[in-house]
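S.K.: One file: data_13.txt (compact mmCIF, C-alpha atoms).
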# COMPACT_ATOMS: atom_id res chain seq x y z
CA MET A 1 0.00 0.00 0.00
CA GLY A 2 1.53 3.32 -1.00
CA ALA A 3 1.31 6.67 0.71
CA GLN A 4 -2.25 7.98 0.80
CA SER A 5 -4.43 10.36 2.74
CA GLN A 6 -8.09 10.04 3.67
CA LEU A 7 -10.52 12.53 5.19
CA LEU A 8 -12.01 11.58 8.55
CA SER A 9 -13.95 14.82 8.96
CA PRO A 10 -13.73 18.39 7.59
CA ARG A 11 -11.01 19.03 10.15
CA THR A 12 -9.23 15.69 10.55
CA SER A 13 -7.47 13.32 8.15
CA LEU A 14 -5.65 10.00 8.40
CA ARG A 15 -2.47 9.47 6.36
CA TYR A 16 -0.87 6.09 5.62
CA ALA A 17 2.92 6.21 5.36
CA GLY A 18 5.73 3.86 6.23
CA GLY A 19 3.38 1.07 7.28
CA ASN A 20 1.48 3.20 9.80
CA TRP A 21 -1.66 5.32 9.88
CA ILE A 22 -0.87 8.86 11.06
CA LEU A 23 -3.47 11.35 12.29
CA GLU A 24 -3.33 14.83 10.83
CA ALA A 25 -5.59 17.22 12.74
CA ASP A 26 -6.18 20.87 11.84
CA SER A 27 -5.38 23.91 13.99
CA ARG A 28 -8.83 24.00 15.61
CA LEU A 29 -8.56 20.43 16.88
CA ARG A 30 -4.94 20.82 17.94
CA GLY A 31 -5.67 24.14 19.59
CA ARG A 32 -6.98 22.42 22.70
CA MET A 33 -3.61 20.75 23.16
CA LEU A 34 -1.52 23.79 22.22
CA SER A 35 -2.51 26.19 25.00
CA LYS A 36 0.97 25.76 26.50
CA LEU A 37 2.55 27.16 23.35
CA SER A 38 3.19 30.78 22.49
CA ALA A 39 0.19 32.73 21.27
CA LEU A 40 2.10 33.61 18.12
CA LYS A 41 1.34 31.35 15.12
CA ASN A 42 3.87 30.50 12.46
CA ARG A 43 2.62 33.27 10.21
CA LYS A 44 3.10 35.83 12.97
CA TRP A 45 6.68 34.66 13.54
CA VAL A 46 7.41 35.34 9.87
CA GLN A 47 5.78 38.75 10.13
CA VAL A 48 7.91 39.60 13.16
CA ALA A 49 11.08 38.54 11.31
CA LEU A 50 10.21 40.65 8.24
CA LEU A 51 9.32 43.68 10.35
CA THR A 52 12.59 43.31 12.29
CA LEU A 53 14.63 43.28 9.07
CA ALA A 54 12.67 46.15 7.56
CA GLY A 55 13.02 48.23 10.73
CA THR A 56 16.75 47.56 10.91
CA PHE A 57 17.43 48.60 7.32
CA ALA A 58 15.14 51.62 7.69
CA PHE A 59 17.16 52.67 10.74
CA VAL A 60 20.43 52.27 8.81
CA LEU A 61 19.14 54.29 5.85
CA ILE A 62 17.80 57.11 8.05
CA SER A 63 21.07 57.23 10.00
CA LEU A 64 23.14 57.41 6.82
CA GLY A 65 20.82 59.99 5.32
CA LEU A 66 21.34 62.26 8.30
CA GLN A 67 25.11 61.76 8.30
CA PHE A 68 25.68 62.13 4.55
CA PRO A 69 25.61 66.01 4.42
CA ILE A 70 28.17 66.16 7.23
CA PHE A 71 30.65 63.58 5.87
CA GLU A 72 30.25 64.74 2.25
CA GLN A 73 31.95 68.03 3.08
CA VAL A 74 34.70 66.40 5.12
CA ASP A 75 35.68 63.04 3.67
CA ALA A 76 33.54 60.79 1.41
CA GLY A 77 35.72 57.77 2.28
CA MET A 78 35.01 58.27 5.95
CA PHE A 79 31.30 58.35 5.19
CA TRP A 80 31.35 54.98 3.44
CA ARG A 81 33.43 53.46 6.22
CA GLU A 82 30.88 54.73 8.73
CA ALA A 83 28.07 53.33 6.59
CA PHE A 84 29.72 49.93 6.44
CA GLY A 85 30.32 49.92 10.21
CA THR A 86 26.72 50.87 10.91
CA LEU A 87 25.46 48.04 8.68
CA VAL A 88 27.76 45.46 10.30
CA VAL A 89 26.77 46.46 13.83
CA SER A 90 23.07 46.26 12.89
CA ILE A 91 23.51 42.80 11.42
CA ILE A 92 25.40 41.62 14.53
CA PHE A 93 22.51 42.69 16.74
CA VAL A 94 19.74 41.42 14.42
CA ALA A 95 21.23 38.00 13.51
CA PRO A 96 20.72 36.38 16.98
CA LEU A 97 17.13 37.58 16.99
CA LEU A 98 16.49 35.99 13.59
CA VAL A 99 18.12 32.74 14.73
CA LEU A 100 15.88 32.75 17.81
CA LEU A 101 12.79 33.36 15.69
CA GLY A 102 13.77 30.51 13.36
CA SER A 103 14.29 28.08 16.23
CA LYS A 104 10.95 29.03 17.78
CA LEU A 105 9.26 28.51 14.44
CA THR A 106 10.74 25.00 14.13
CA GLU A 107 9.91 24.16 17.75
CA ASN A 108 6.33 25.37 17.30
CA ALA A 109 5.79 23.13 14.26
CA SER A 110 7.33 20.11 16.02
CA LEU A 111 5.14 20.55 19.10
CA LYS A 112 2.02 20.85 16.97
CA GLN A 113 2.75 17.49 15.36
CA LYS A 114 3.58 15.95 18.73
CA TYR A 115 0.34 17.07 20.37
CA ALA A 116 -1.71 16.02 17.34
CA GLN A 117 -0.36 12.48 17.69
CA GLU A 118 -0.95 12.50 21.47
CA LEU A 119 -4.53 13.54 20.81
CA ALA A 120 -4.96 10.50 18.52
CA HIS A 121 -3.58 7.89 20.93
CA ASP A 122 -4.63 6.63 24.33
CA SER A 123 -2.00 7.71 26.86
CA LEU A 124 -1.99 4.41 28.80
CA THR A 125 -1.83 1.90 25.94
CA SER A 126 -0.62 3.96 22.92
CA CYS A 127 -3.57 2.59 20.93
CA LEU A 128 -5.84 4.78 18.82
CA THR A 129 -8.64 6.42 20.77
CA GLY A 130 -12.13 5.02 20.25
CA PRO A 131 -13.67 7.76 18.08
CA LEU A 132 -10.68 7.95 15.75
CA PHE A 133 -10.46 4.17 15.50
CA THR A 134 -14.12 4.00 14.47
CA ALA A 135 -13.73 6.75 11.89
CA ALA A 136 -10.54 5.19 10.52
CA ILE A 137 -12.29 1.88 9.82
CA ASP A 138 -14.69 3.53 7.38
CA VAL A 139 -11.82 5.46 5.78
CA ILE A 140 -9.69 2.37 5.11
CA ALA A 141 -12.60 0.13 4.17
CA THR A 142 -13.66 2.55 1.41
CA SER A 143 -10.15 3.37 0.16
CA SER A 144 -10.18 0.67 -2.52
CA ALA A 145 -10.96 1.79 -6.08
CA THR A 146 -13.07 -1.35 -6.57
CA GLY A 147 -15.41 -0.58 -3.70
CA ARG A 148 -15.56 -1.36 0.00
CA ARG A 149 -12.83 -3.77 1.06
CA PRO A 150 -13.71 -6.95 2.98
CA GLY A 151 -11.86 -7.76 6.15
CA ALA A 152 -12.28 -8.63 9.81
CA LEU A 153 -12.80 -6.85 13.09
CA LEU A 154 -11.89 -8.18 16.53
CA VAL A 155 -13.18 -6.93 19.88
CA ILE A 156 -10.89 -8.02 22.72
CA ASP A 157 -11.90 -7.74 26.36
CA MET A 158 -9.66 -8.42 29.33
CA ASP A 159 -11.08 -11.05 31.68
CA HIS A 160 -11.48 -10.33 35.40
CA LEU A 161 -10.14 -6.76 35.35
CA ARG A 162 -12.47 -5.77 38.19
CA ARG A 163 -11.17 -8.62 40.35
CA LEU A 164 -7.58 -7.52 39.71
CA ASN A 165 -8.41 -3.91 40.60
CA GLU A 166 -10.15 -4.92 43.82
CA GLN A 167 -7.54 -7.43 45.02
CA ILE A 168 -4.28 -5.79 43.91
CA GLY A 169 -5.15 -2.21 42.99
CA TYR A 170 -5.96 0.00 40.02
CA ALA A 171 -2.29 0.52 39.24
CA ALA A 172 -2.00 -3.23 38.63
CA GLY A 173 -5.06 -3.07 36.38
CA ASN A 174 -3.46 -0.35 34.32
CA GLN A 175 -0.26 -2.39 34.05
CA ALA A 176 -2.25 -5.36 32.80
CA LEU A 177 -4.08 -3.27 30.18
CA SER A 178 -0.78 -1.82 28.99
CA ALA A 179 0.76 -5.30 28.76
CA ILE A 180 -2.21 -6.67 26.80
CA ALA A 181 -2.11 -3.70 24.43
CA ALA A 182 1.58 -4.38 23.75
CA ILE A 183 0.82 -8.03 22.99
CA ILE A 184 -1.99 -7.07 20.61
CA ARG A 185 0.18 -4.58 18.72
CA ALA A 186 2.95 -7.17 18.40
CA SER A 187 0.49 -9.73 17.00
CA VAL A 188 -0.85 -7.75 14.02
CA ARG A 189 0.49 -6.44 10.72
CA SER A 190 1.87 -2.93 10.33
CA GLY A 191 -1.14 -1.81 8.25
CA ASP A 192 -3.72 -3.05 10.79
CA LEU A 193 -5.41 -0.73 13.28
CA VAL A 194 -5.46 -1.24 17.05
CA GLY A 195 -7.73 0.92 19.21
CA ARG A 196 -8.83 1.13 22.81
CA ILE A 197 -12.61 1.45 22.64
CA GLY A 198 -13.45 1.08 26.34
CA GLY A 199 -11.99 0.72 29.79
CA ASP A 200 -10.96 -2.91 29.29
CA GLU A 201 -11.85 -3.31 25.62
CA PHE A 202 -9.61 -3.20 22.58
CA ALA A 203 -10.47 -3.55 18.91
CA VAL A 204 -8.38 -4.66 15.95
CA TYR A 205 -9.28 -3.94 12.35
CA LEU A 206 -7.74 -6.30 9.77
CA PRO A 207 -8.31 -4.83 6.29
CA GLY A 208 -8.51 -7.45 3.55
CA ALA A 209 -8.16 -10.35 5.99
CA THR A 210 -9.57 -13.75 5.04
CA LYS A 211 -11.31 -16.09 7.46
CA ALA A 212 -8.06 -18.02 7.93
CA ASN A 213 -6.10 -14.80 8.52
CA ALA A 214 -8.58 -13.51 11.10
CA GLU A 215 -8.73 -16.80 12.99
CA LYS A 216 -4.94 -17.00 13.07
CA VAL A 217 -4.57 -13.46 14.44
CA ALA A 218 -7.36 -13.87 16.99
CA GLU A 219 -5.91 -17.12 18.33
CA ARG A 220 -2.40 -15.68 18.31
CA ILE A 221 -3.54 -12.78 20.52
CA ARG A 222 -5.59 -14.98 22.85
CA ASN A 223 -2.78 -17.51 23.26
CA ALA A 224 -0.04 -14.88 23.71
CA VAL A 225 -1.98 -13.16 26.49
CA ALA A 226 -2.73 -16.45 28.23
CA GLU A 227 0.94 -17.45 28.15
CA ALA A 228 2.24 -14.06 29.33
CA SER A 229 3.85 -13.94 32.78
CA PHE A 230 2.37 -10.92 34.54
CA GLU A 231 3.60 -9.82 37.97
CA PRO A 232 1.59 -6.80 39.14
CA VAL A 233 3.85 -6.40 42.17
CA ALA A 234 7.61 -6.77 41.91
CA GLY A 235 8.66 -10.02 43.50
CA GLY A 236 5.04 -10.85 44.24
CA LEU A 237 2.52 -13.27 42.85
CA THR A 238 1.96 -13.91 39.15
CA TRP A 239 -1.52 -12.94 38.02
CA PRO A 240 -3.02 -14.95 35.13
CA LEU A 241 -4.09 -12.84 32.16
CA THR A 242 -6.71 -13.95 29.65
CA VAL A 243 -8.93 -12.24 27.10
CA SER A 244 -12.26 -13.01 25.47
CA VAL A 245 -12.38 -12.23 21.76
CA GLY A 246 -15.31 -11.58 19.44
CA ALA A 247 -14.53 -11.62 15.71
CA VAL A 248 -16.64 -10.58 12.75
CA LEU A 249 -15.66 -11.32 9.14
CA PHE A 250 -17.41 -9.04 6.68
CA GLU A 251 -18.02 -8.70 2.96
CA THR A 252 -20.76 -6.11 3.27
CA ASP A 253 -21.12 -2.34 3.46
CA ALA A 254 -21.77 -2.44 7.22
CA THR A 255 -20.64 0.66 9.09
CA ALA A 256 -17.90 0.65 11.70
CA ASP A 257 -20.50 0.92 14.47
CA GLU A 258 -22.38 -2.11 13.10
CA LEU A 259 -19.19 -4.14 12.89
CA LEU A 260 -18.22 -3.20 16.43
CA LEU A 261 -21.68 -4.10 17.71
CA THR A 262 -21.56 -7.52 16.00
CA ALA A 263 -18.04 -8.27 17.27
CA ASP A 264 -18.99 -7.11 20.77
CA ARG A 265 -21.90 -9.56 20.82
CA GLN A 266 -19.51 -12.37 19.93
CA MET A 267 -17.14 -11.23 22.67
CA GLN A 268 -19.99 -11.38 25.18
CA ALA A 269 -20.78 -14.89 23.92
CA ALA A 270 -17.15 -15.86 24.56
CA LYS A 271 -17.49 -14.55 28.13
CA GLU A 272 -20.65 -16.56 28.69
CA LYS A 273 -18.98 -19.73 27.40
CA GLY A 274 -16.18 -19.58 29.93
CA ARG A 275 -13.85 -16.77 28.82
CA ASN A 276 -10.37 -17.13 27.28
CA ARG A 277 -11.84 -18.09 23.92
CA VAL A 278 -12.76 -16.67 20.49
CA GLU A 279 -16.26 -16.56 18.99
CA TYR A 280 -16.86 -15.71 15.32
CA ALA A 281 -19.60 -14.24 13.15
CA HIS A 282 -19.69 -13.72 9.38
CA LEU A 283 -21.44 -10.83 7.63
CA ARG A 284 -21.95 -11.85 4.01
CA GLN A 285 -23.47 -9.85 1.19
CA GLY A 286 -27.16 -9.40 1.89
CA SER A 287 -26.95 -10.42 5.56
CA SER A 288 -27.97 -8.10 8.40
CA PRO A 289 -25.57 -7.09 11.20
CA SER A 290 -28.33 -8.08 13.63
CA ARG A 291 -28.48 -11.61 12.19
CA PRO A 292 -24.98 -12.67 11.10
CA SER A 293 -24.06 -16.27 10.38
CA LEU A 294 -22.26 -17.84 13.33
CA HIS A 295 -19.42 -20.34 13.24
Output the structure of this file as structure tokens.

M.R.:
Amino acid sequence: MGAQSQLLSPRTSLRYAGGNWILEADSRLRGRMLSKLSALKNRKWVQVALLTLAGTFAFVLISLGLQFPIFEQVDAGMFWREAFGTLVVSIIFVAPLLVLLGSKLTENASLKQKYAQELAHDSLTSCLTGPLFTAAIDVIATSSATGRRPGALLVIDMDHLRRLNEQIGYAAGNQALSAIAAIIRASVRSGDLVGRIGGDEFAVYLPGATKANAEKVAERIRNAVAEASFEPVAGGLTWPLTVSVGAVLFETDATADELLLTADRQMQAAKEKGRNRVEYAHLRQGSSPSRPSLH
């Protein structure tokens, strides 16, 4: 897949580059995260630099204009030496200011990109936030020139998070969620999407995945979590981690919300059947998200 850009909303876009999907938010969306920055925008920095240069040269010209009648009668060579000295001194004083303005301009642009990415990702797990994950599914699914792309969607829920929080503490629960997120990200392809859609729920979108691909990824995630050695307290007991997974394979024009709802139902079915398992549904052409085929 080459570099491409898709519109999520009139103010937000998702760009695919280097095997990753990158959020690009506009100034209005980023503005909430940029309150710590200087009030001056990039354009204003440029204006300040131009005004500084213009003011400096205007000062030099006015100074030379006032001195010219005096030096013309005495020594023209002295006048030009004075003019050169005035110009050099002005440049010496202005150059550091221009360097400072340039560095601030670069820093401002870098921070904008940084905060835009932080806005797109959950701070605990580094996964996409729920709303952006949902919007991104529709973007990628409709990016094919031949129509909506088939694929698979997984909803992954950590088992017994409440019990862990109550017995060990919420810090241990956060550690477990972070560990599971890392396992999920390590188990998928670079072009797949991983999002955190709830307190203990993750979702994985597998564009173009076949039934065999989806089953392999789902089982890989479930098995890797179950085999992970998790110690919520250093030197303490090892807490068993498991997840329940609901998977939906689709060939239809179902929306992201419909896919998530179908996969969530399968995840709940996995919980009811004992947890630490995967349940599947298949949305074929002409089938309804409320009545998928089960297997």

S.K.: Compile the contact shell of range 125-133 of chain A as a PyMOL selection string: residues with an atom at most 7 Å away, counting all atoms listed in the file, same-chain residues fewer than 5 positions apart removed.

M.R.: chain A and resi 120+178+181+194-197

S.K.: If we count all atoms listed in the file, what is near range 220-223 of chain A at a cut-off of 7 Å, once residues fewer than 3 positions away on the same chain are taken out, given as a list of chain:residue names?

M.R.: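 Once the nearby chain positions are removed, what remains is A:Ile183, A:Ile184, A:Ser187, A:Lys216, A:Val217, A:Ala226, A:Glu227, A:Thr242, A:Val243, A:Asn276.
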
S.K.: Would you kindly return, as number ranges by chain, each protein, DNA or RNA residue with an atom no farther than 8 Å from any atom of Gly173 in chain A, considering only C-alpha atoms and excluding same-chain residues fewer than 4 positions away?

M.R.: A: 161, 164-165, 169, 177

S.K.: Could you state the separation of CA of Gly151 in chain A and CA of Ala186 in chain A in Å, given to one decimal place?

M.R.: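 Calculated distance between CA of Gly151 in chain A and CA of Ala186 in chain A is 19.2 Å.
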
S.K.: How many Å separate CA of Ile156 in chain A from CA of Asp253 in chain A?

M.R.: 22.5 Å

S.K.: Rank nothing, just name the residue among A:Arg189, A:Arg277, A:Lys211, A:Lys271 nearest to Pro150 in chain A, using all atoms listed in the file.

M.R.: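 Looking only at the distances to Pro150 in chain A, the closest residue turns out to be A:Lys211.
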
S.K.: What separation in Å, quoted to one decimal, exists between CA of Ala172 in chain A and CA of Pro232 in chain A?

M.R.: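 Rounded to one decimal, the two atoms are 5.1 Å apart.
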
S.K.: Have a look at A:Gly198, A:Gly191, A:Gly246, A:Pro207 and name the one nearest to Thr262 in chain A; count all atoms listed in the file.

M.R.: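 Checking each candidate against Thr262 in chain A, we get A:Gly246 as the closest.
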